[in-house]
Amino acid sequence: MRKAAAALTLFFIAMFGACGLWGAPKIKLGIDVLEDMNFAPLAGKRVGLLTHPAGVNGAGLSTIDVLRRARNVRLVALYGPEHGIYGNEKANVPVENVIDKRTGLPVFSLYGKYRKPSAEMLKNIDVLVIDLQDIGTRSYTYTSCMLRAMEACFELNKQVVVLDRPNPLGGVKVDGPMLEEQFKSYVGLFKVPYVHGLTIGELAKMAKATPGAMEITSKQQIAGRLLVIPMKGWTRAMTWEYTCLKWVPTSPAIPAYSAVLGYPMTGLGCQIGDFQHGYGTQYPFRLLTFKGRSADELVIALNQKKIPGLAFRKVQAKNSSGKAVEGAYVMVTNYEILKPTRLDFYLMQLACELSGVNPFARASEADASLFNKHVGSSSWWKEIKTRGKYANPAPFFVRWDAECAKFRESSKKFWLYQ
């Protein structure tokens, strides 16, 4: 009888989804918990807020408006990461300081002249609140923005309050190469695997507690005042779809959770060579195309790799110009066994095979440098540049898996959720 009931439950979950069947679980984001505290940590202080459009409470109200409406909060300045506070700026494009027409508040860009806020930018605040939705992948720049802001605040004895949010990939999945010290950059300031399994609040705790993680004196790092407001109701096993929260685009290329999931699977693999990952179509980071090759050819070649947890099928889409595009769609068939970055390295191998030349051997020094900063290591670069289609990622997977297991164990001391 119990087995029958369990089978029926699984059937309804598959048909309708956990959210549609039972309604949203009672998850409270960091901003919601802060409101439950009547904003006590901010009372009597001049508050700056580093955020973007995905900085919303559980009901979808902007954190900017939540703090502005709070009677005991004095919000005096806004700070924007890459893409700006409204998320409408293009990737890799500097953003200028402005006065926000909606609120009348000064908006200081942390993706323009400064990546680390200057003393002048922070002089009128007592505490910096950070509410940024990350996507759980190392090269996404919001965590770097947070780290640089923390460094500046600690140098100037300003308090930092991080409002925690879910890691949309969950808090269990850890995968890919570790970042080596020599490749630290704005697309990777945390020495973590490419898929790290931590929330933004946990990353903040790790940075504060790890010697040398911040580019300030050890005295400033130790004395720095950090308060992380944890969520309530979130567990490490929850990927985004099980939070039942509405996804707000974190950047133009990440309009939906499907793109979040695709980012670590195809982002690295399409940096060099003729593979494209569907940006500009309705399937960003999920639709694979290759110049001069049909969708059928790609589906066959990719399925032959037998990557655990993945399958590929032909789909049709339209690009931003309205032109029809046909390619191989990346389907996740089993998230539990999936190691997302595996696909990236097979794509690099296939890029050499399908094009008949080795694009990595022909890459410019600048492209190679940027590639290694994203991957976090040069060992794979040496392999793929030298051996092309004969490059073997298997030994790298073994090594990276061991490093990920070690990291996952060591990072438990920073966990806010079990």
# chains A, B, ... in the order shown; residues from 1 in each chain; ligands from 1

call {"tool": "closest_atom_pairs", "arguments": {"of": "region 172-276 of chain A", "to": "region 400-411 of chain A", "cutoff": "10 Å", "atoms": "only C-alpha atoms", "output": "tab-separated table"}}
result
residue	atom	partner	partner_atom	distance
A:Val172	CA	A:Arg408	CA	8.4
A:Lys173	CA	A:Arg408	CA	9.1
A:Val174	CA	A:Cys404	CA	6.0
A:Asp175	CA	A:Cys404	CA	6.1
A:Gly176	CA	A:Trp400	CA	5.9
A:Pro177	CA	A:Trp400	CA	5.3
A:Met178	CA	A:Trp400	CA	7.1
A:Lys191	CA	A:Phe407	CA	9.6
A:Val192	CA	A:Phe407	CA	7.4
A:Pro193	CA	A:Cys404	CA	6.4
A:Tyr194	CA	A:Cys404	CA	9.4
A:Val195	CA	A:Cys404	CA	9.1
A:His196	CA	A:Arg408	CA	8.1
A:Gly197	CA	A:Arg408	CA	7.9
A:Leu198	CA	A:Ser411	CA	8.4
A:Glu202	CA	A:Ser411	CA	8.9
A:Leu203	CA	A:Ser411	CA	9.3
A:Met206	CA	A:Ser411	CA	7.8

call {"tool": "write_last_selection", "arguments": {"atoms": "C-alpha atoms", "output": "PDB file, in the first residue's frame"}}
result
ATOM      1  CA  VAL A 172      25.021  19.657  -2.942  1.00  0.00           C
ATOM      2  CA  LYS A 173      26.404  19.786  -6.491  1.00  0.00           C
ATOM      3  CA  VAL A 174      30.155  20.579  -6.637  1.00  0.00           C
ATOM      4  CA  ASP A 175      31.913  20.095  -9.979  1.00  0.00           C
ATOM      5  CA  GLY A 176      34.682  21.177 -12.304  1.00  0.00           C
ATOM      6  CA  PRO A 177      38.221  22.489 -12.017  1.00  0.00           C
ATOM      7  CA  MET A 178      39.405  24.410  -8.968  1.00  0.00           C
ATOM      8  CA  LYS A 191      39.309  29.584  -4.909  1.00  0.00           C
ATOM      9  CA  VAL A 192      36.431  27.196  -5.446  1.00  0.00           C
ATOM     10  CA  PRO A 193      35.423  24.613  -8.080  1.00  0.00           C
ATOM     11  CA  TYR A 194      33.619  25.942 -11.139  1.00  0.00           C
ATOM     12  CA  VAL A 195      30.302  24.759  -9.626  1.00  0.00           C
ATOM     13  CA  HIS A 196      30.811  25.438  -5.918  1.00  0.00           C
ATOM     14  CA  GLY A 197      27.596  24.433  -4.110  1.00  0.00           C
ATOM     15  CA  LEU A 198      27.543  27.447  -1.747  1.00  0.00           C
ATOM     16  CA  GLU A 202      28.274  31.176   2.676  1.00  0.00           C
ATOM     17  CA  LEU A 203      30.830  32.501   0.196  1.00  0.00           C
ATOM     18  CA  MET A 206      34.326  31.797   3.664  1.00  0.00           C
TER      19      MET A 206
END

call {"tool": "residues_around", "arguments": {"residues": "Ser62 (chain A)", "least_positions_apart": "6", "cutoff": "10 Å", "atoms": "only C-alpha atoms", "output": "VMD selection string"}}
result
chain A and resid 31 51 to 56 68

call {"tool": "write_last_selection", "arguments": {"atoms": "C-alpha atoms", "output": "PDB file, in the first residue's frame"}}
result
ATOM      1  CA  ILE A  31      15.427  40.153   2.941  1.00  0.00           C
ATOM      2  CA  THR A  51      21.646  44.978  -5.648  1.00  0.00           C
ATOM      3  CA  HIS A  52      20.085  44.330  -9.057  1.00  0.00           C
ATOM      4  CA  PRO A  53      16.631  43.405 -10.459  1.00  0.00           C
ATOM      5  CA  ALA A  54      16.764  39.891  -8.969  1.00  0.00           C
ATOM      6  CA  GLY A  55      17.156  41.434  -5.514  1.00  0.00           C
ATOM      7  CA  VAL A  56      13.526  40.960  -4.512  1.00  0.00           C
ATOM      8  CA  ARG A  68      12.753  52.586   1.309  1.00  0.00           C
TER       9      ARG A  68
END

call {"tool": "residues_around", "arguments": {"residues": "Asn372 (chain A)", "least_positions_apart": "4", "cutoff": "8 Å", "atoms": "only C-alpha atoms", "output": "list in words"}}
result
Phe183, Ala368, Gly376, Ser377, Ser378 and Trp381 of chain A

call {"tool": "write_last_selection", "arguments": {"atoms": "C-alpha atoms", "output": "PDB file, in the first residue's frame"}}
result
ATOM      1  CA  PHE A 183      44.249  32.752 -12.466  1.00  0.00           C
ATOM      2  CA  ALA A 368      44.030  31.968 -24.162  1.00  0.00           C
ATOM      3  CA  GLY A 376      40.782  28.450 -13.548  1.00  0.00           C
ATOM      4  CA  SER A 377      43.669  26.275 -14.656  1.00  0.00           C
ATOM      5  CA  SER A 378      46.151  26.036 -17.532  1.00  0.00           C
ATOM      6  CA  TRP A 381      44.731  24.312 -22.026  1.00  0.00           C
TER       7      TRP A 381
END

call {"tool": "residues_around", "arguments": {"residues": "Asn92 (chain A)", "least_positions_apart": "4", "cutoff": "9 Å", "atoms": "only C-alpha atoms", "output": "CSV table (one decimal) with C-alpha atoms, in the first residue's frame"}}
result
chain,number,residue,atom,x,y,z
A,82,GLU,CA,27.7,44.3,-13.9
A,83,HIS,CA,24.5,45.0,-15.9
A,111,TYR,CA,31.4,47.8,-13.0

call {"tool": "closest_residue", "arguments": {"among": "A:Val398, A:Leu110, A:Leu370, A:Ile307", "to": "Val330 (chain A)", "atoms": "only C-alpha atoms"}}
result
A:Ile307

call {"tool": "atom_distance", "arguments": {"atom1": "CA of Thr217 (chain A)", "atom2": "CA of Lys158 (chain A)"}}
result
15.3 Å

call {"tool": "closest_residue", "arguments": {"among": "A:Glu89, A:Tyr140, A:Val76, A:Tyr335", "to": "Leu105 (chain A)", "atoms": "only C-alpha atoms"}}
result
A:Val76

call {"tool": "closest_atom_pairs", "arguments": {"of": "region 300-333 of chain A", "to": "region 258-265 of chain A", "cutoff": "12 Å", "atoms": "only C-alpha atoms", "output": "Markdown table"}}
result
| residue | atom | partner | partner_atom | distance |
| --- | --- | --- | --- | --- |
| A:Ile307 | CA | A:Met265 | CA | 11.3 |
| A:Gly309 | CA | A:Met265 | CA | 11.6 |
| A:Leu310 | CA | A:Met265 | CA | 10.2 |
| A:Tyr329 | CA | A:Gly262 | CA | 10.2 |
| A:Val330 | CA | A:Gly262 | CA | 7.8 |
| A:Met331 | CA | A:Gly262 | CA | 9.4 |
| A:Val332 | CA | A:Leu261 | CA | 9.0 |

call {"tool": "residues_around", "arguments": {"residues": "Lys205 (chain A)", "least_positions_apart": "4", "cutoff": "12 Å", "atoms": "only C-alpha atoms", "output": "PyMOL selection string"}}
result
chain A and resi 146-147+150+160-162+164+190+198-201+209-211+213-214+221-222+224-230+411-416

call {"tool": "select_by_dssp", "arguments": {"residues": "region 160-342 of chain A", "states": "alpha helix (DSSP H)", "output": "MDAnalysis selection string"}}
result
chainID A and resid 200:209 218:223 257:266 295:303 342

call {"tool": "write_last_selection", "arguments": {"atoms": "C-alpha atoms", "output": "mmCIF file, in the first residue's frame"}}
result
data_model
loop_
_atom_site.group_PDB
_atom_site.id
_atom_site.type_symbol
_atom_site.label_atom_id
_atom_site.label_comp_id
_atom_site.auth_asym_id
_atom_site.auth_seq_id
_atom_site.Cartn_x
_atom_site.Cartn_y
_atom_site.Cartn_z
ATOM 1 C CA ILE A 200 26.352 33.885 -1.642
ATOM 2 C CA GLY A 201 26.145 34.272 2.147
ATOM 3 C CA GLU A 202 28.274 31.176 2.676
ATOM 4 C CA LEU A 203 30.830 32.501 0.196
ATOM 5 C CA ALA A 204 30.958 35.755 2.158
ATOM 6 C CA LYS A 205 31.598 33.810 5.369
ATOM 7 C CA MET A 206 34.326 31.797 3.664
ATOM 8 C CA ALA A 207 36.046 34.927 2.344
ATOM 9 C CA LYS A 208 35.964 36.563 5.772
ATOM 10 C CA ALA A 209 37.416 33.516 7.527
ATOM 11 C CA SER A 218 44.953 40.357 7.757
ATOM 12 C CA LYS A 219 44.151 42.797 10.585
ATOM 13 C CA GLN A 220 41.446 44.478 8.478
ATOM 14 C CA GLN A 221 40.058 41.113 7.392
ATOM 15 C CA ILE A 222 39.814 39.822 10.955
ATOM 16 C CA ALA A 223 38.318 43.063 12.274
ATOM 17 C CA TYR A 257 16.364 28.812 -14.638
ATOM 18 C CA SER A 258 17.011 26.672 -17.730
ATOM 19 C CA ALA A 259 19.797 29.098 -18.658
ATOM 20 C CA VAL A 260 21.202 28.945 -15.106
ATOM 21 C CA LEU A 261 21.484 25.197 -15.488
ATOM 22 C CA GLY A 262 22.977 25.510 -18.969
ATOM 23 C CA TYR A 263 25.595 28.119 -18.050
ATOM 24 C CA PRO A 264 28.119 25.732 -16.409
ATOM 25 C CA MET A 265 27.438 23.067 -19.058
ATOM 26 C CA THR A 266 28.166 25.099 -22.189
ATOM 27 C CA ALA A 295 21.590 19.619 -35.978
ATOM 28 C CA ASP A 296 21.300 15.898 -36.721
ATOM 29 C CA GLU A 297 25.077 15.552 -36.908
ATOM 30 C CA LEU A 298 25.482 17.331 -33.579
ATOM 31 C CA VAL A 299 22.828 15.244 -31.852
ATOM 32 C CA ILE A 300 24.524 12.034 -32.977
ATOM 33 C CA ALA A 301 28.012 13.208 -32.038
ATOM 34 C CA LEU A 302 26.941 14.476 -28.601
ATOM 35 C CA ASN A 303 24.823 11.459 -27.704
ATOM 36 C CA ARG A 342 31.713 17.462 -18.305
#

call {"tool": "atom_distance", "arguments": {"atom1": "CA of Pro94 (chain A)", "atom2": "CA of Gln159 (chain A)"}}
result
26.7 Å

call {"tool": "atom_distance", "arguments": {"atom1": "CA of Trp234 (chain A)", "atom2": "CA of Gly171 (chain A)"}}
result
9.8 Å
